[in-house]
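Worksheet: one structure, shown below.
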Amino acid sequence: MGEGTIPHHSQTFPLAFELDLPRTMTILGQTGTAGLTVRFGERFWRATRTPQGPATASYRMQADALVVDAWGPGATWAVAKAPTLVGSLDDVASFKPQHDLIADLHRRFPGLRIPRSEAVFEAMVPAIVGQKVTSTQAAQGVTRILRHFGEPAPGPAGLLLPPEPAVLARAGYWTFHPFEIERRRADALLRAAGAAGRLEEAVGMSPEAALARLTAIPGIGPWTAAEVAQRALGDADAVSVGDYHVPNAVCWALAGEARGTDERMLELLEPYRGHRARVQALLQLGGIQAPKFGPRRAIRWVGST
């Protein structure tokens with residue numbers, strides 16, 4: 001093996017729960033990050049900044065065990081947190097489907113878990129860039145930020161580390177204009193970068209307190225906070241209020257209504273409180289979408305703030 005290919009730390013974790021690793025990790029792959037900070041394949045690769053320093057980790061299943069290899073100063077931390085990342089804290093047992101479709105999806109995807117990266121700012125950047133733009137625009141913006149501010153990650157995967165908050169915080173809003181990110185989103189990114197330490201404290205908070213902490217930053221609304229909470233905090237109840245598609249999908253799936261509002265979506269999801277984001281994830285995995293009316297759209301809008 002060449003230099004840099006030998007992991008700094010490796011460990012195998014026998015799992016006491018069923019895990020569909022590819023589908024669970026798909027939740028972590030936010031728009032524009034695939035191939036840059038994460039990679040999917042026979043293994044799931046992820047580059048991240050840990051409290052102990054940069055790390056790249058790979059995750060694969062071997063029978064009923066999770067095998068983790070990691071490189072870099074943060075390798076030990078990344079390996080120790082692997083069970084948490086793949087959903088060991090996710091309380092799937094308390095999920096009780098109330099609709100036939102949801103029950104069927106739950107049976108089809110029994111190993112789906114809500115991951116918990118404990119990397120709040122890392123999840124925040126793609127969420128902010130995805131505010132009120134198409135998925136294509138969001139992916140382009142995230143890709144440009146990662147290529148501009150990212151650094152080579154340790155290990156053999158050739159990934160980039162997510163931007164360091166202190167470096168991003170020193171940028172002017174005009175830095176983001178060539179990335180087609182207007183001042184409103186650029187300012188939200190800069191504020192979040194400047195408050196990154198406070199944002200990371202949400203990892204140790206209750207879901208309610210974490211939501212309050214995230215949305216205390218101007219430009220961070222319920223949609224952005226939910227996107228972050230689903231990935232960084234493992235919040236199985238953080239439904240994406242303000243999303244362009246999710247209310248329609250939920251209302252169609254649960255009530256046969258082709259168009260829905262956030263208010264109607266929340267009403268229908270109330271029996272699933274505690275697991276509303278899980279229902280959202282199941283519908284997305286199952287490809288459940290409301291019928292389209294009128295000319296087919298070539299673009300897909302994502303969320304609000």
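Each chain in the structure tokens gets a letter, A, B and so on, in the order shown; residues start at 1 in every chain, and ligands are counted from 1 in the order they appear.
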
message: With only C-alpha atoms as the counted atoms, please give the residues lying no more than 12 Å from Phe176 in chain A, apart from itself and same-chain residues fewer than 2 positions off, as a VMD selection string.
response: chain A and resid 129 140 to 146 148 to 149 168 171 to 174 178 to 190

message: Run DSSP on the backbone and tell me which residues of range 66-231 of chain A come out as strand (DSSP E); list them as a ChimeraX atom specification.
response: /A:66-71,151-152,160-161

Would you put the residues from that selection into a file with C-alpha atoms, as a compact mmCIF listing (two decimals), in the first residue's frame?
```txt
# COMPACT_ATOMS: atom_id res chain seq x y z
CA LEU A 66 -19.82 -1.94 10.84
CA VAL A 67 -16.17 -1.69 9.77
CA VAL A 68 -14.64 1.77 10.02
CA ASP A 69 -11.25 2.97 8.81
CA ALA A 70 -10.09 6.54 9.37
CA TRP A 71 -7.18 8.79 8.52
CA GLU A 151 -8.70 21.73 1.65
CA PRO A 152 -7.44 18.27 0.70
CA LEU A 160 -12.08 17.83 0.31
CA LEU A 161 -12.57 18.96 3.88
```

Hey, what's within 12 Å of Leu266 in chain A if we count only C-alpha atoms and toss same-chain stuff fewer than 6 positions away? As an mmCIF file with C-alpha atoms, in the first residue's frame, please?
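Here's the written file result05.cif:
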```
data_model
loop_
_atom_site.group_PDB
_atom_site.id
_atom_site.type_symbol
_atom_site.label_atom_id
_atom_site.label_comp_id
_atom_site.auth_asym_id
_atom_site.auth_seq_id
_atom_site.Cartn_x
_atom_site.Cartn_y
_atom_site.Cartn_z
ATOM 1 C CA ASP A 237 -38.853 14.744 14.129
ATOM 2 C CA ALA A 238 -37.314 17.707 12.272
ATOM 3 C CA VAL A 239 -39.723 17.962 9.357
ATOM 4 C CA SER A 240 -38.769 20.370 6.553
ATOM 5 C CA VAL A 241 -41.362 23.120 6.900
ATOM 6 C CA GLY A 242 -41.061 25.480 3.949
ATOM 7 C CA VAL A 246 -42.411 17.882 0.902
ATOM 8 C CA PRO A 247 -45.893 19.229 1.827
ATOM 9 C CA ASN A 248 -47.329 18.007 -1.476
ATOM 10 C CA VAL A 250 -46.949 14.188 2.496
ATOM 11 C CA CYS A 251 -50.488 15.356 1.727
ATOM 12 C CA LEU A 254 -51.423 10.472 3.758
ATOM 13 C CA GLY A 260 -50.743 20.739 0.355
ATOM 14 C CA TYR A 272 -46.146 10.716 13.901
ATOM 15 C CA ARG A 273 -44.778 13.366 16.256
ATOM 16 C CA HIS A 275 -40.831 10.641 13.838
ATOM 17 C CA ARG A 276 -42.051 13.200 11.315
ATOM 18 C CA ALA A 277 -38.660 13.452 9.601
ATOM 19 C CA VAL A 279 -41.897 9.726 7.455
ATOM 20 C CA GLN A 280 -40.397 12.360 5.148
#
```

- request: Return the single residue from A:Pro271, A:Pro154, A:Pro14, A:Gly130 that is closest to Thr31 in chain A, with distances computed using only C-alpha atoms.
  value: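 Checking each of A:Pro271, A:Pro154, A:Pro14, A:Gly130 against Thr31 in chain A, counting only C-alpha atoms, the winner is A:Gly130.
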
Length of the CA of Leu101 in chain A to CA of Ala258 in chain A vector [Å]: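 Going from CA of Leu101 in chain A over to CA of Ala258 in chain A covers 15.7 Å.
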
- request: Write out as a list of chain:residue names the residues lying within 12 Å of Arg60 in chain A, counting only C-alpha atoms and excluding same-chain residues fewer than 5 positions away.
  value: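 Surrounding residues, per the criterion: A:Ser10, A:Gln11, A:Thr12, A:Phe13, A:Leu19, A:Asp20, A:Leu21, A:Pro22, A:Met25, A:Phe40, A:Gly41, A:Glu42, A:Arg43, A:Phe44, A:Trp45, A:Arg46, A:Ala65, A:Leu66, A:Val67, A:Val68, A:Asp69, A:Ala70, A:Ala82, A:Pro83, A:Val86.
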
Separation of CA of Gly234 in chain A from CA of Pro115 in chain A in Å: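 So the answer is 5.2 Å.
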
- prompt: How would you write, as a ChimeraX atom specification, the set of residues in range 42-281 of chain A that DSSP gives as helix (DSSP H, G or I)?
  reply: /A:75-80,82-85,92-94,100-108,120-129,135-149,165-169,173-179,183-194,196-204,207-215,222-232,246-255,262-272,276-281

Polymer residues at most 12 Å from range 204-206 of chain A, only C-alpha atoms, same-chain spacing of 3 or more positions, as a PyMOL selection string: chain A and resi 118-120+198-201+209-214+229+232-235

query: For Leu269 in chain A, which residue among A:Arg191, A:His99, A:His9, A:His106 is the nearest when counting only C-alpha atoms?
result: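 Using only C-alpha atoms, the shortest distance to Leu269 in chain A belongs to A:His99.
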
Leu36 in chain A surroundings by only C-alpha atoms, 6 Å radius, close-in-sequence under 2 positions cut, as a CSV table (one decimal) with C-alpha atoms, in the first residue's frame:
```csv
chain,number,residue,atom,x,y,z
A,33,THR,CA,-21.4,17.5,-1.6
A,34,ALA,CA,-21.3,14.1,-3.5
A,38,VAL,CA,-18.7,12.4,0.7
A,159,LEU,CA,-11.9,14.2,-0.9
A,160,LEU,CA,-12.1,17.8,0.3
```

I want to know what sits within 10 Å of Arg113 in chain A, based on only C-alpha atoms, with residues of the same chain fewer than 2 positions away left out; could you give that as an mmCIF file with N, CA and C atoms, in the first residue's frame?
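Printed below is result.cif as written:
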```cif
data_model
loop_
_atom_site.group_PDB
_atom_site.id
_atom_site.type_symbol
_atom_site.label_atom_id
_atom_site.label_comp_id
_atom_site.auth_asym_id
_atom_site.auth_seq_id
_atom_site.Cartn_x
_atom_site.Cartn_y
_atom_site.Cartn_z
ATOM 1 N N PHE A 17 -28.552 -3.597 15.944
ATOM 2 C CA PHE A 17 -29.723 -3.151 15.196
ATOM 3 C C PHE A 17 -29.471 -3.363 13.710
ATOM 4 N N GLU A 18 -30.560 -3.459 12.960
ATOM 5 C CA GLU A 18 -30.460 -3.615 11.511
ATOM 6 C C GLU A 18 -30.082 -2.282 10.890
ATOM 7 N N LEU A 19 -29.133 -2.304 9.980
ATOM 8 C CA LEU A 19 -28.663 -1.074 9.349
ATOM 9 C C LEU A 19 -28.574 -1.240 7.849
ATOM 10 N N ASP A 20 -29.279 -0.383 7.133
ATOM 11 C CA ASP A 20 -29.114 -0.244 5.692
ATOM 12 C C ASP A 20 -28.160 0.928 5.504
ATOM 13 N N LEU A 21 -26.872 0.637 5.428
ATOM 14 C CA LEU A 21 -25.868 1.692 5.412
ATOM 15 C C LEU A 21 -26.011 2.638 4.216
ATOM 16 N N ARG A 23 -28.612 3.526 2.334
ATOM 17 C CA ARG A 23 -29.780 4.405 2.400
ATOM 18 C C ARG A 23 -29.677 5.378 3.579
ATOM 19 N N THR A 24 -29.140 4.918 4.700
ATOM 20 C CA THR A 24 -28.971 5.809 5.842
ATOM 21 C C THR A 24 -27.987 6.918 5.517
ATOM 22 N N MET A 25 -26.886 6.576 4.890
ATOM 23 C CA MET A 25 -25.877 7.583 4.588
ATOM 24 C C MET A 25 -26.315 8.534 3.478
ATOM 25 N N ILE A 27 -28.888 10.178 3.449
ATOM 26 C CA ILE A 27 -29.431 11.353 4.125
ATOM 27 C C ILE A 27 -28.333 12.387 4.376
ATOM 28 N N LEU A 85 -22.989 8.047 14.268
ATOM 29 C CA LEU A 85 -23.189 8.553 12.915
ATOM 30 C C LEU A 85 -24.225 7.737 12.167
ATOM 31 N N VAL A 86 -24.176 6.412 12.287
ATOM 32 C CA VAL A 86 -25.067 5.552 11.505
ATOM 33 C C VAL A 86 -26.401 5.288 12.195
ATOM 34 N N GLY A 87 -26.655 5.954 13.319
ATOM 35 C CA GLY A 87 -28.000 5.894 13.885
ATOM 36 C C GLY A 87 -28.192 5.024 15.106
ATOM 37 N N SER A 88 -27.133 4.789 15.889
ATOM 38 C CA SER A 88 -27.295 3.948 17.071
ATOM 39 C C SER A 88 -28.211 4.585 18.108
ATOM 40 N N LEU A 89 -28.351 5.918 18.073
ATOM 41 C CA LEU A 89 -29.208 6.618 19.030
ATOM 42 C C LEU A 89 -30.631 6.803 18.506
ATOM 43 N N ASP A 90 -30.877 6.360 17.291
ATOM 44 C CA ASP A 90 -32.189 6.540 16.667
ATOM 45 C C ASP A 90 -33.195 5.545 17.247
ATOM 46 N N ASP A 91 -34.291 6.047 17.766
ATOM 47 C CA ASP A 91 -35.298 5.221 18.436
ATOM 48 C C ASP A 91 -36.335 4.717 17.435
ATOM 49 N N VAL A 92 -35.900 3.830 16.555
ATOM 50 C CA VAL A 92 -36.822 3.291 15.548
ATOM 51 C C VAL A 92 -37.933 2.468 16.189
ATOM 52 N N PHE A 109 -37.891 -0.765 3.905
ATOM 53 C CA PHE A 109 -36.605 -0.161 4.262
ATOM 54 C C PHE A 109 -36.356 -0.316 5.768
ATOM 55 N N PRO A 110 -36.260 -1.549 6.248
ATOM 56 C CA PRO A 110 -36.187 -1.763 7.691
ATOM 57 C C PRO A 110 -34.889 -1.268 8.323
ATOM 58 N N GLY A 111 -33.849 -1.135 7.525
ATOM 59 C CA GLY A 111 -32.565 -0.710 8.079
ATOM 60 C C GLY A 111 -32.305 0.777 7.986
ATOM 61 N N PRO A 115 -29.294 9.433 10.659
ATOM 62 C CA PRO A 115 -27.892 9.569 11.081
ATOM 63 C C PRO A 115 -27.689 10.795 11.972
ATOM 64 N N ARG A 116 -26.540 10.844 12.611
ATOM 65 C CA ARG A 116 -26.214 11.961 13.506
ATOM 66 C C ARG A 116 -24.719 12.249 13.365
ATOM 67 N N GLY A 234 -29.391 14.160 14.349
ATOM 68 C CA GLY A 234 -30.146 12.916 14.359
ATOM 69 C C GLY A 234 -31.577 13.091 14.793
ATOM 70 N N ALA A 236 -35.159 12.853 14.408
ATOM 71 C CA ALA A 236 -36.130 12.137 13.576
ATOM 72 C C ALA A 236 -37.460 12.860 13.468
ATOM 73 N N ARG A 278 -38.737 11.023 9.857
ATOM 74 C CA ARG A 278 -38.616 9.649 9.375
ATOM 75 C C ARG A 278 -39.653 9.386 8.285
ATOM 76 N N ALA A 281 -38.393 10.963 5.190
ATOM 77 C CA ALA A 281 -37.311 10.180 4.591
ATOM 78 C C ALA A 281 -37.846 8.936 3.894
#
```
